[in-house]
Structure formats: structure tokens, C-alpha cells
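A.B. asks: Sharing entry-v3.tsv, TSV, C-alpha atoms:
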```tsv
chain	number	residue	atom	x	y	z
A	1	MET	CA	-18.00	7.17	-0.76
A	2	GLU	CA	-16.01	9.77	1.14
A	3	LYS	CA	-13.32	11.44	-0.98
A	4	THR	CA	-10.04	11.19	0.91
A	5	TRP	CA	-6.40	11.93	0.09
A	6	ARG	CA	-3.13	10.54	1.38
A	7	TRP	CA	-1.23	13.40	2.97
A	8	PHE	CA	2.23	13.05	4.51
A	9	GLY	CA	1.94	15.55	7.30
A	10	LYS	CA	2.88	19.17	7.84
A	11	GLY	CA	6.02	18.85	5.74
A	12	ASP	CA	4.05	17.67	2.69
A	13	LYS	CA	4.42	20.12	-0.18
A	14	ILE	CA	0.75	19.48	-0.95
A	15	THR	CA	-1.00	21.54	1.71
A	16	LEU	CA	-4.38	21.04	3.33
A	17	PRO	CA	-5.76	24.30	1.83
A	18	MET	CA	-4.85	22.94	-1.61
A	19	LEU	CA	-6.78	19.74	-0.86
A	20	LYS	CA	-9.78	21.68	0.41
A	21	GLN	CA	-9.92	23.56	-2.91
A	22	ILE	CA	-10.07	20.38	-5.03
A	23	GLY	CA	-12.93	18.79	-3.11
A	24	VAL	CA	-11.14	16.46	-0.72
A	25	GLU	CA	-13.30	15.66	2.32
A	26	GLY	CA	-11.10	13.46	4.49
A	27	ILE	CA	-7.38	13.05	5.15
A	28	VAL	CA	-5.46	9.79	5.18
A	29	THR	CA	-2.26	10.20	7.15
A	30	ALA	CA	-0.07	8.91	9.96
A	31	LEU	CA	2.32	10.15	12.63
A	32	HIS	CA	5.27	9.60	10.33
A	33	HIS	CA	7.78	11.07	12.78
A	34	ILE	CA	7.21	8.31	15.35
A	35	PRO	CA	9.51	5.29	14.80
A	36	ASN	CA	7.91	1.93	14.09
A	37	GLY	CA	6.93	0.11	17.25
A	38	GLU	CA	6.71	3.15	19.51
A	39	VAL	CA	3.41	4.24	21.08
A	40	TRP	CA	1.36	6.97	19.45
A	41	SER	CA	0.38	9.16	22.39
A	42	PHE	CA	-3.12	10.54	22.73
A	43	GLU	CA	-1.64	14.04	22.79
A	44	ALA	CA	0.24	13.58	19.50
A	45	ILE	CA	-2.83	12.10	17.84
A	46	THR	CA	-5.07	14.89	19.09
A	47	GLU	CA	-2.64	17.59	17.96
A	48	MET	CA	-2.61	16.19	14.41
A	49	LYS	CA	-6.39	15.73	14.40
A	50	GLN	CA	-7.00	19.32	15.50
A	51	TYR	CA	-4.54	20.62	12.92
A	52	ILE	CA	-6.41	18.82	10.13
A	53	GLU	CA	-9.77	19.98	11.44
A	54	SER	CA	-8.60	23.59	11.54
A	55	PHE	CA	-8.74	23.51	7.73
A	56	GLY	CA	-12.29	22.16	7.64
A	57	LEU	CA	-11.20	18.59	6.95
A	58	LYS	CA	-11.26	15.40	9.03
A	59	TRP	CA	-8.72	12.71	9.77
A	60	SER	CA	-10.62	9.82	8.21
A	61	VAL	CA	-8.07	7.01	7.99
A	62	VAL	CA	-4.74	6.16	9.59
A	63	GLU	CA	-2.39	4.90	6.90
A	64	SER	CA	-0.41	3.38	8.30
A	65	LEU	CA	0.05	2.36	11.89
A	66	PRO	CA	3.01	0.17	10.89
A	67	VAL	CA	3.27	-3.43	12.04
A	68	SER	CA	6.86	-3.96	13.16
A	69	GLU	CA	8.89	-6.69	11.49
A	70	SER	CA	9.26	-8.60	14.77
A	71	ILE	CA	5.49	-9.03	14.88
A	72	LYS	CA	5.49	-10.34	11.33
A	73	TYR	CA	8.26	-12.89	11.80
A	74	GLY	CA	7.37	-13.73	15.40
A	75	GLY	CA	10.50	-12.35	17.08
A	76	ALA	CA	11.33	-12.07	20.75
A	77	GLN	CA	9.85	-8.55	20.96
A	78	ARG	CA	6.55	-9.52	19.38
A	79	ASP	CA	4.34	-9.38	22.48
A	80	GLU	CA	5.87	-6.12	23.71
A	81	LEU	CA	5.36	-4.52	20.30
A	82	ILE	CA	1.77	-5.78	20.11
A	83	GLU	CA	1.10	-4.19	23.51
A	84	ASN	CA	2.44	-0.88	22.16
A	85	TYR	CA	0.23	-1.30	19.11
A	86	LYS	CA	-2.83	-1.87	21.31
A	87	ILE	CA	-2.08	1.29	23.31
A	88	SER	CA	-1.79	3.28	20.06
A	89	LEU	CA	-5.09	1.84	18.83
A	90	ALA	CA	-6.82	2.76	22.09
A	91	ASN	CA	-5.45	6.30	21.85
A	92	LEU	CA	-6.73	6.59	18.28
A	93	GLY	CA	-10.13	5.33	19.43
A	94	ARG	CA	-10.25	7.86	22.26
A	95	ALA	CA	-9.56	10.57	19.66
A	96	GLY	CA	-12.40	9.31	17.45
A	97	ILE	CA	-10.23	7.94	14.63
A	98	THR	CA	-11.49	4.46	13.92
A	99	THR	CA	-10.21	3.27	10.51
A	100	VAL	CA	-6.66	1.90	10.43
A	101	CYS	CA	-4.97	0.66	7.27
A	102	TYR	CA	-1.91	-1.56	7.68
A	103	ASN	CA	-0.06	-4.28	5.81
A	104	PHE	CA	1.61	-7.59	6.66
A	105	MET	CA	4.14	-7.67	3.82
A	106	PRO	CA	7.52	-8.94	5.05
A	107	VAL	CA	10.45	-6.49	4.74
A	108	ILE	CA	9.34	-4.75	1.54
A	109	ASP	CA	6.17	-2.86	0.77
A	110	TRP	CA	5.00	-2.11	-2.78
A	111	ILE	CA	7.60	-2.83	-5.46
A	112	ARG	CA	8.40	-1.03	-8.71
A	113	THR	CA	11.50	-0.97	-10.92
A	114	ASP	CA	10.84	2.40	-12.60
A	115	LEU	CA	9.37	5.47	-10.93
A	116	ALA	CA	8.93	7.53	-14.10
A	117	HIS	CA	8.08	5.23	-17.01
A	118	PRO	CA	7.27	7.53	-19.97
A	119	TRP	CA	3.91	7.62	-21.75
A	120	ALA	CA	3.37	8.97	-25.28
A	121	ASP	CA	1.47	12.00	-23.95
A	122	GLY	CA	4.48	13.23	-21.96
A	123	THR	CA	3.34	12.00	-18.55
A	124	SER	CA	5.01	9.17	-16.65
A	125	SER	CA	3.99	6.57	-14.11
A	126	LEU	CA	5.26	3.75	-11.93
A	127	TYR	CA	6.24	0.50	-13.66
A	128	PHE	CA	7.30	-3.02	-12.75
A	129	ASP	CA	9.64	-4.84	-15.12
A	130	LYS	CA	10.02	-8.46	-14.03
A	131	ILE	CA	13.40	-8.97	-15.75
A	132	ARG	CA	14.91	-5.90	-14.11
A	133	PHE	CA	13.52	-7.08	-10.79
A	134	ALA	CA	14.99	-10.54	-11.38
A	135	TYR	CA	18.31	-8.86	-12.15
A	136	PHE	CA	18.17	-7.03	-8.83
A	137	ASP	CA	17.35	-10.29	-7.05
A	138	CYS	CA	19.91	-12.54	-8.75
A	139	LYS	CA	22.81	-10.19	-9.59
A	140	ILE	CA	22.67	-7.35	-7.04
A	141	LEU	CA	21.30	-9.07	-3.95
A	142	ASN	CA	22.83	-12.39	-4.98
A	143	ARG	CA	20.09	-14.03	-2.94
A	144	GLU	CA	20.68	-17.72	-2.33
A	145	HIS	CA	18.52	-19.92	-4.55
A	146	ALA	CA	17.04	-16.84	-6.27
A	147	GLU	CA	17.37	-18.51	-9.68
A	148	SER	CA	14.78	-21.11	-8.70
A	149	ASP	CA	12.10	-18.39	-8.69
A	150	TYR	CA	12.51	-17.65	-12.39
A	151	THR	CA	12.12	-19.54	-15.65
A	152	ALA	CA	15.04	-20.48	-17.87
A	153	ASP	CA	13.97	-17.82	-20.37
A	154	GLU	CA	13.79	-15.16	-17.68
A	155	LEU	CA	17.28	-16.09	-16.46
A	156	ARG	CA	18.55	-15.88	-20.03
A	157	GLN	CA	17.16	-12.33	-20.26
A	158	VAL	CA	18.80	-11.48	-16.94
A	159	ASP	CA	22.15	-12.62	-18.32
A	160	GLU	CA	21.61	-10.52	-21.44
A	161	LEU	CA	20.84	-7.49	-19.31
A	162	ASP	CA	23.96	-8.14	-17.25
A	163	ARG	CA	26.07	-7.60	-20.36
A	164	THR	CA	24.69	-4.11	-21.04
A	165	ILE	CA	23.51	-2.59	-17.75
A	166	THR	CA	25.61	0.30	-16.42
A	167	GLN	CA	26.64	0.92	-12.83
A	168	ALA	CA	24.42	3.99	-12.79
A	169	GLU	CA	21.45	1.85	-13.82
A	170	LYS	CA	22.27	-0.67	-11.09
A	171	ASP	CA	22.42	2.10	-8.51
A	172	GLU	CA	19.12	3.49	-9.73
A	173	LEU	CA	17.52	0.05	-9.48
A	174	VAL	CA	18.61	-0.28	-5.86
A	175	ASP	CA	17.42	3.24	-5.10
A	176	THR	CA	14.04	2.58	-6.70
A	177	ILE	CA	13.31	-0.83	-5.23
A	178	ILE	CA	14.52	-0.52	-1.64
A	179	VAL	CA	15.01	3.17	-0.86
A	180	LYS	CA	12.68	5.65	-2.58
A	181	THR	CA	9.58	3.44	-2.44
A	182	GLN	CA	10.21	2.11	1.07
A	183	GLY	CA	11.46	4.85	3.36
A	184	PHE	CA	8.21	6.79	3.47
A	185	VAL	CA	5.96	3.73	3.78
A	186	ASN	CA	7.63	1.33	6.21
A	187	GLY	CA	10.73	3.03	7.59
A	188	ASN	CA	12.94	-0.04	7.25
A	189	ILE	CA	15.42	1.65	4.91
A	190	LYS	CA	15.84	5.40	4.57
A	191	GLU	CA	17.54	7.68	2.09
A	192	GLY	CA	21.04	8.32	3.33
A	193	ASP	CA	21.63	4.81	4.68
A	194	GLN	CA	25.23	3.92	3.87
A	195	ASN	CA	24.63	0.43	2.51
A	196	PRO	CA	20.96	-0.20	1.78
A	197	VAL	CA	21.64	-3.54	0.08
A	198	ALA	CA	23.39	-4.91	3.16
A	199	ILE	CA	20.60	-3.67	5.43
A	200	PHE	CA	18.02	-5.19	3.14
A	201	LYS	CA	19.77	-8.58	3.07
A	202	ARG	CA	19.87	-8.64	6.89
A	203	LEU	CA	16.12	-7.95	6.98
A	204	LEU	CA	15.48	-10.80	4.55
A	205	GLN	CA	17.43	-13.17	6.79
A	206	LEU	CA	15.01	-12.51	9.65
A	207	TYR	CA	12.44	-14.51	7.70
A	208	ASN	CA	14.57	-17.62	7.23
A	209	GLY	CA	12.30	-20.57	7.97
A	210	ILE	CA	9.10	-18.50	7.80
A	211	ASP	CA	6.88	-20.02	5.13
A	212	ARG	CA	3.36	-19.12	4.04
A	213	ASP	CA	1.72	-21.02	6.89
A	214	GLY	CA	4.08	-19.48	9.41
A	215	LEU	CA	3.37	-15.94	8.26
A	216	ARG	CA	-0.35	-16.65	8.26
A	217	GLU	CA	-0.16	-17.86	11.83
A	218	ASN	CA	1.72	-14.71	12.86
A	219	LEU	CA	-1.02	-12.58	11.26
A	220	ARG	CA	-3.70	-14.56	13.07
A	221	TYR	CA	-1.83	-14.12	16.37
A	222	PHE	CA	-1.57	-10.36	15.86
A	223	LEU	CA	-5.23	-9.93	14.89
A	224	ALA	CA	-6.50	-12.07	17.77
A	225	ALA	CA	-4.45	-9.99	20.20
A	226	ILE	CA	-5.72	-6.59	19.02
A	227	MET	CA	-9.40	-7.40	18.38
A	228	PRO	CA	-10.53	-6.76	21.98
A	229	VAL	CA	-9.17	-3.20	21.72
A	230	CYS	CA	-10.83	-2.76	18.33
A	231	GLU	CA	-14.15	-3.91	19.76
A	232	GLU	CA	-13.86	-1.59	22.77
A	233	TRP	CA	-13.15	1.49	20.64
A	234	GLY	CA	-14.99	0.60	17.42
A	235	ILE	CA	-11.81	0.49	15.35
A	236	ASN	CA	-11.88	-1.13	11.92
A	237	MET	CA	-8.57	-2.69	10.92
A	238	CYS	CA	-8.18	-2.99	7.15
A	239	ILE	CA	-5.25	-4.93	5.76
A	240	HIS	CA	-3.72	-3.82	2.47
A	241	PRO	CA	-3.23	-6.48	-0.23
A	242	ASP	CA	0.29	-7.42	-1.19
A	243	ASP	CA	1.76	-5.43	-4.08
A	244	PRO	CA	2.46	-7.20	-6.34
A	245	PRO	CA	0.11	-10.00	-5.26
A	246	TYR	CA	2.54	-12.90	-5.37
A	247	GLN	CA	5.69	-14.16	-3.67
A	248	VAL	CA	8.88	-12.14	-4.18
A	249	LEU	CA	12.46	-12.48	-2.96
A	250	GLY	CA	11.71	-15.84	-1.39
A	251	LEU	CA	9.30	-14.14	1.03
A	252	PRO	CA	5.77	-15.44	1.52
A	253	ARG	CA	2.96	-13.06	0.72
A	254	ILE	CA	-0.42	-13.90	2.17
A	255	VAL	CA	-2.93	-11.27	0.94
A	256	THR	CA	-2.87	-11.92	-2.79
A	257	SER	CA	-6.15	-13.56	-3.84
A	258	ALA	CA	-9.72	-14.47	-2.93
A	259	GLU	CA	-8.48	-17.55	-1.08
A	260	ASP	CA	-6.07	-15.45	1.00
A	261	ILE	CA	-8.70	-12.85	1.86
A	262	ASP	CA	-11.15	-15.57	2.84
A	263	TRP	CA	-8.52	-17.12	5.07
A	264	PHE	CA	-7.65	-14.07	7.18
A	265	LEU	CA	-11.30	-12.96	7.48
A	266	GLN	CA	-12.26	-16.39	8.79
A	267	ALA	CA	-9.12	-16.90	10.88
A	268	VAL	CA	-10.25	-14.02	13.11
A	269	ASP	CA	-13.92	-13.72	12.21
A	270	ASN	CA	-14.71	-10.32	13.63
A	271	PRO	CA	-16.36	-7.43	11.74
A	272	HIS	CA	-13.51	-5.17	12.87
A	273	ASN	CA	-11.07	-7.40	10.96
A	274	GLY	CA	-11.45	-6.18	7.41
A	275	LEU	CA	-9.87	-5.28	4.09
A	276	THR	CA	-8.42	-2.26	2.36
A	277	PHE	CA	-9.64	-2.96	-1.15
A	278	CYS	CA	-6.70	-1.78	-3.26
A	279	ALA	CA	-7.78	-2.27	-6.86
A	280	GLY	CA	-4.30	-1.51	-8.14
A	281	SER	CA	-2.53	-4.14	-6.07
A	282	LEU	CA	-5.12	-6.80	-6.81
A	283	SER	CA	-5.30	-6.00	-10.54
A	284	ALA	CA	-1.54	-6.52	-10.94
A	285	GLY	CA	-2.19	-10.25	-10.56
A	286	LEU	CA	-3.76	-11.86	-13.62
A	287	HIS	CA	-5.34	-14.46	-11.33
A	288	ASN	CA	-7.62	-11.81	-9.80
A	289	ASP	CA	-11.00	-10.76	-11.18
A	290	VAL	CA	-11.17	-7.41	-9.40
A	291	PRO	CA	-14.91	-6.62	-9.66
A	292	GLN	CA	-15.72	-10.16	-8.56
A	293	LEU	CA	-13.50	-9.70	-5.50
A	294	ALA	CA	-15.22	-6.39	-4.73
A	295	ARG	CA	-18.67	-7.97	-4.84
A	296	ARG	CA	-17.52	-10.87	-2.67
A	297	PHE	CA	-15.79	-8.83	0.04
A	298	ALA	CA	-17.63	-5.51	0.00
A	299	SER	CA	-19.23	-6.10	3.39
A	300	ARG	CA	-15.82	-6.54	5.05
A	301	THR	CA	-14.16	-3.67	3.18
A	302	HIS	CA	-13.45	-0.64	5.39
A	303	PHE	CA	-11.32	1.45	3.02
A	304	VAL	CA	-10.90	1.61	-0.77
A	305	HIS	CA	-7.88	2.52	-2.90
A	306	LEU	CA	-9.02	3.33	-6.41
A	307	ARG	CA	-6.28	2.85	-8.98
A	308	SER	CA	-5.80	0.45	-11.85
A	309	THR	CA	-3.02	-1.42	-13.62
A	310	ASN	CA	-2.38	-3.11	-16.93
A	311	ALA	CA	-0.57	-6.41	-16.42
A	312	THR	CA	0.93	-8.76	-18.98
A	313	PRO	CA	1.54	-12.54	-18.96
A	314	ASP	CA	5.31	-11.98	-18.76
A	315	GLY	CA	4.93	-10.46	-15.29
A	316	ASN	CA	5.22	-6.76	-16.12
A	317	PHE	CA	2.62	-4.23	-15.03
A	318	ILE	CA	2.10	-0.48	-15.22
A	319	GLU	CA	-0.21	2.01	-13.55
A	320	ALA	CA	-3.15	2.54	-15.89
A	321	SER	CA	-5.44	5.52	-16.30
A	322	HIS	CA	-8.13	5.55	-13.63
A	323	LEU	CA	-10.60	5.15	-16.52
A	324	GLU	CA	-8.96	2.01	-17.90
A	325	GLY	CA	-7.11	-1.16	-16.97
A	326	ARG	CA	-7.83	-4.32	-15.03
A	327	GLY	CA	-9.11	-2.43	-11.99
A	328	HIS	CA	-12.46	-1.67	-13.70
A	329	LEU	CA	-12.96	1.30	-11.37
A	330	VAL	CA	-16.42	2.20	-12.69
A	331	ASP	CA	-17.64	-1.24	-11.63
A	332	LEU	CA	-15.97	-0.87	-8.24
A	333	VAL	CA	-17.51	2.54	-7.58
A	334	ARG	CA	-20.91	1.10	-8.41
A	335	ILE	CA	-20.37	-1.84	-6.03
A	336	PHE	CA	-19.04	0.19	-3.11
A	337	GLU	CA	-21.44	3.13	-3.46
A	338	LYS	CA	-24.29	0.67	-3.06
A	339	GLU	CA	-22.60	-1.10	-0.15
A	340	ARG	CA	-21.84	1.89	2.08
A	341	ALA	CA	-22.16	5.57	1.28
A	342	ASP	CA	-19.66	6.71	3.95
A	343	LEU	CA	-16.88	4.31	2.94
A	344	PRO	CA	-13.57	6.26	2.74
A	345	MET	CA	-11.94	6.13	-0.70
A	346	ARG	CA	-8.74	7.60	-1.99
A	347	VAL	CA	-7.28	7.71	-5.48
A	348	ASP	CA	-3.77	6.40	-5.72
A	349	HIS	CA	-0.58	6.47	-7.79
A	350	GLY	CA	-1.46	9.25	-10.19
A	351	ARG	CA	0.60	10.12	-13.27
A	352	LEU	CA	3.54	12.48	-12.96
A	353	MET	CA	2.42	15.39	-15.13
A	354	LEU	CA	2.58	19.13	-15.81
A	355	ASP	CA	4.95	20.87	-13.38
A	356	ASP	CA	4.94	18.12	-10.73
A	357	ALA	CA	8.20	16.51	-11.86
A	358	ASP	CA	10.52	18.86	-9.96
A	359	LYS	CA	8.50	19.14	-6.74
A	360	GLY	CA	10.08	16.19	-4.92
A	361	TYR	CA	6.81	14.42	-4.19
A	362	ASN	CA	6.90	10.86	-2.89
A	363	PRO	CA	6.80	8.38	-5.81
A	364	GLY	CA	3.22	7.83	-6.97
A	365	TYR	CA	1.92	10.76	-4.94
A	366	SER	CA	2.14	13.76	-7.23
A	367	PHE	CA	-0.48	16.50	-7.02
A	368	HIS	CA	-1.80	17.04	-10.54
A	369	GLY	CA	-1.90	13.35	-11.43
A	370	ARG	CA	-3.97	12.51	-8.38
A	371	MET	CA	-6.12	15.61	-8.85
A	372	LEU	CA	-6.97	14.41	-12.36
A	373	ALA	CA	-7.70	10.93	-11.02
A	374	LEU	CA	-9.94	12.35	-8.29
A	375	ALA	CA	-11.91	14.34	-10.87
A	376	GLN	CA	-12.33	11.20	-12.99
A	377	VAL	CA	-13.52	9.15	-10.02
A	378	GLU	CA	-15.78	11.94	-8.78
A	379	GLY	CA	-17.46	11.90	-12.19
A	380	MET	CA	-18.02	8.16	-11.88
A	381	MET	CA	-19.51	8.65	-8.42
A	382	ALA	CA	-21.90	11.36	-9.64
A	383	VAL	CA	-23.21	9.22	-12.50
A	384	ILE	CA	-23.66	6.17	-10.28
A	385	ARG	CA	-25.43	8.15	-7.57
A	386	ASP	CA	-27.85	9.37	-10.23
A	387	GLU	CA	-28.38	5.77	-11.34
A	388	MET	CA	-29.18	4.79	-7.76
A	389	LYS	CA	-31.95	7.42	-7.57
A	390	ASP	CA	-33.87	5.86	-10.42
```
Translate this file's structure into C-alpha cells.

C.D. replies:
Amino acid sequence: MEKTWRWFGKGDKITLPMLKQIGVEGIVTALHHIPNGEVWSFEAITEMKQYIESFGLKWSVVESLPVSESIKYGGAQRDELIENYKISLANLGRAGITTVCYNFMPVIDWIRTDLAHPWADGTSSLYFDKIRFAYFDCKILNREHAESDYTADELRQVDELDRTITQAEKDELVDTIIVKTQGFVNGNIKEGDQNPVAIFKRLLQLYNGIDRDGLRENLRYFLAAIMPVCEEWGINMCIHPDDPPYQVLGLPRIVTSAEDIDWFLQAVDNPHNGLTFCAGSLSAGLHNDVPQLARRFASRTHFVHLRSTNATPDGNFIEASHLEGRGHLVDLVRIFEKERADLPMRVDHGRLMLDDADKGYNPGYSFHGRMLALAQVEGMMAVIRDEMKD
């Protein structure tokens, strides 16, 4: 597999020369300065591509060309926004960039309740605590009918937390769930917004009446519309699994399991309609056997995220070492190395460690933690490539 790295553009404190030194081959990035729904011009794409290439690297994957909310919920601007998306795809194809990662998660992208959960060795990582998330849902958002999504015991624990939680902890929970982890991935809510909770509640309301079948149909509509452009320019679209892989906040999530993946691959059965195999997202659901999913969908996988989680029956999960956890990354490397040698892969959500803590990196995207993870995965790749020679 090709060793790639998610890089957040020229303002990223992790520079391209740094990535060249640690063995990165390809860059995963986006035109983050362009608002969602606007066209990516050929000139802007080419400028970024040439900048990356000037450091001896290549722009391997677009992550992400965001799908606007109106496309997801089927709003009045849907067709106009899809046309813009098609123009952006054609411009990427003209520039020779042909792998596009995207997601179809309504309103909120990946969810965590703690951005620096401590480990015994002094490092920290991202963490999801279901009770704290339920508290956010029931007591901060005050979402209508939220209580029906939780068990009686979970609601009891929410009430217990309500008696001890401080205002500072509530503010931090809001900041973690809907600001720090969202602004740099989907642009819906940004740091500095005056009332992120109010904005978030308005976004949720856009999906009133949209159930699982409705969201599936909107995904099918979007994919059917863009496939002719993908065929013309050889672009592989690869949807990212939902993170976590189950319904949250009353919103349907439709890329959570083998059945879901089967559905969207068959709904628009085109080789350019494929999967980003994110082992971390999939492993956070106890219903998923991650290596089995990899074997089943390897031929329609166009991009791989190698990370792992440890999940518990009570709904909590934490980022695991890249050598451990439910992701079984050694098995995945073996499966994907045999499937396609040029498949782009990036490590993901490394530990916060050493002197990274004060650098202001995006959550989950520290330098040393991902560098360690890349070294671990590169070792797996070397062993497996030797196995394949025998």
C-alpha cells in the first residue's frame, strides 16, 4: 500500500518536508479554504497539486470534498449543489487526482467526548463515553424524545452526573463534541461561533422526517448523479463509514455494517462507487468483525484508514494502539497488500505524546503519535511483503 498522511494545507504546523523525512509517499488533503458547496476551480486544484509535488510528494487522495447538508437531507438546493460537486470532480480528474473520500453522516462527523483521555504511560488519546454523550444529548441539547434512545440504567447515570458536573465541564463537552472535532472536518460549526448549541439544534431540525430509508435514497440519488463524471475522469469515490457506527442524536446513520455497505454498493453498482475502509470507525461497533469486512469488501475499497479501537458492551470506546484492539491491523494489512499494492493508506488518530501537546494540532492528528503509528504499520507491511515473496 501507498503510505499517505492527512495534511491540512499550507497552514498545517506539520510541514511537507517533515513528512518527506519520515517516509510519507502521498498526501491526503483538501482545499479547506473553499466553503462547502462551492466549486473547486481547476486553477486552485492545480496550484495545490504543484505545491505538494514541489516537495517530491504527490496528492494521492482528496479528503474531503464535502457533501453539503442540503444534498444529504434532500433540500431545495440539492441539484444545484450536486452540479457544483460534479464540476469539482471533473476539475480534480483533469488535474489527475482520482481518489475522493467523503462521508454521508448527517450534521455531525466523528464523535468523541474526550480529546485527551490519559493513558498510564503519559500519552493520551480520543475517547467516547456514552454516559457523557447521553448527558450532552438529554441535558444540554434537550433534544425532544432523546430519553427514548437510552436505557433506564443509562438515564439513571445521566441524572447522577447531572448532580456533580460543573459548568466548565459542560462547556468543555460542547466544545469537544460540536466545535473542536467538527470545524476542521465538515465546516458546519466553527470555533468562535457565538452559540454553537443553537446552531447545532437548527441543523438537527433539517433532518426532521428523514429516516434511514430516506437518507439511503438521498445517497443513492447523489451517487447516481455523479457516476457519469466519475466514469469520464476515472475518479473513485470512497465513502467513509459512520463514526461511531450506529444511530446518534435521532439521526439515521447508513454506513455502519456489512449490510449497509452491501446496500450502497449495490444501489449504484459501479466500480467507481467504493469504500474508505476505516478500521477505527468500524471497530467501534461490536457488531462488526473488521477483518471479515475487509476480506468481503477489499475489491471495492479505494482508500484505507488504519487505526484501531477498544470498545466495551456499555458503549464506550477508545483509540487503541495500532498494534492492538478490534481493528486487527496486521490482518488488514495482509488482506489489502494482497488485494492491491498501490492502494493508498493512512494511519489515523495517533496518541498525543512527547512535545505535541502544546502545538495546537487538530484533535487526533498530532505528529509524533501518527509518526509512531506509521512506523508500526510500515513494519507490518515489510513483514507481509516478505511473506508474499515466499

A.B. asks: Restricting the calculation to all atoms listed in the file, which member of A:Trp5, A:Tyr135, A:Trp59, A:Trp110 is positioned closest to Gly23 (chain A)?

C.D. replies: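 So, comparing all the options, the nearest one is A:Trp5.
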
A.B. asks: Between CA of Ala284 (chain A) and CA of Gly209 (chain A), what is the distance in Å, rounded to a tenth?

C.D. replies: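 Going from CA of Ala284 (chain A) over to CA of Gly209 (chain A) covers 27.3 Å.
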
A.B. asks: Mind dumping a table of every region 33-90 of chain A residue within 12 Å of region 303-322 of chain A, with the nearest atom pair and its distance in Å to one decimal, using all atoms listed in the file, sorted by chain and rising number, as JSON lines?

C.D. replies:
```
{"residue": "A:Ser60", "atom": "CA", "partner": "A:Phe303", "partner_atom": "CA", "distance": 9.9}
{"residue": "A:Val61", "atom": "CA", "partner": "A:Phe303", "partner_atom": "CA", "distance": 8.1}
{"residue": "A:Val62", "atom": "CA", "partner": "A:Phe303", "partner_atom": "CA", "distance": 10.4}
{"residue": "A:Glu63", "atom": "CA", "partner": "A:Phe303", "partner_atom": "CA", "distance": 10.3}
```

A.B. asks: As a list in words, please: the residues near Glu47 (chain A) (cut-off 12 Å, all atoms listed in the file, same-chain neighbours under 3 positions excluded).

C.D. replies: Gly9, Lys10, Leu31, Trp40, Ser41, Phe42, Glu43, Ala44, Gln50, Tyr51, Ile52, Glu53, Ser54, Trp59, Leu92 and Ala95 of chain A

A.B. asks: Show me a table, sorted first by chain and then by increasing residue number, of the residues of region 105-217 of chain A having an atom at most 8 Å from region 232-251 of chain A, each with its shortest atom pair and the distance in Å to one decimal, counting only C-alpha atoms and written as a Markdown table.

C.D. replies:
```
| residue | atom | partner | partner_atom | distance |
| --- | --- | --- | --- | --- |
| A:Met105 | CA | A:Asp242 | CA | 6.3 |
| A:Pro106 | CA | A:Leu251 | CA | 6.8 |
| A:Asp109 | CA | A:Asp243 | CA | 7.0 |
| A:Trp110 | CA | A:Asp243 | CA | 4.8 |
| A:Ile111 | CA | A:Asp243 | CA | 6.5 |
| A:Asp137 | CA | A:Leu249 | CA | 6.7 |
| A:Arg143 | CA | A:Leu249 | CA | 7.8 |
| A:Ala146 | CA | A:Leu249 | CA | 7.1 |
| A:Asp149 | CA | A:Gly250 | CA | 7.7 |
| A:Leu204 | CA | A:Leu251 | CA | 7.9 |
| A:Tyr207 | CA | A:Leu251 | CA | 7.4 |
| A:Asp211 | CA | A:Leu251 | CA | 7.6 |
```

A.B. asks: How would you write as number ranges by chain the residues that get within 12 Å of (-9.1, 14.8, -13.4) in the file's frame, counting all atoms listed in the file?

C.D. replies: A: 22-23, 321-323, 347, 350-351, 353, 367-380

A.B. asks: Given the choices A:Ile97, A:Ala341, A:Ala279, A:Val268, which gets closest to Gly327 (chain A) if the distance is worked out from all atoms listed in the file?

C.D. replies: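 For Gly327 (chain A), the nearest of the given residues is A:Ala279.
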
A.B. asks: Got a sec: who's within 9 Å of Leu141 (chain A), counting only C-alpha atoms, leaving out chain neighbours fewer than 6 positions off, as a ChimeraX atom specification?

C.D. replies: /A:135,197-198,200-201

A.B. asks: Name the closest residue to Phe128 (chain A) among the candidates A:Asn195, A:Thr276, A:Gly93, A:Ser281; distances are taken between atoms, counting all atoms listed in the file.

C.D. replies: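 So, comparing all the options, the nearest one is A:Ser281.
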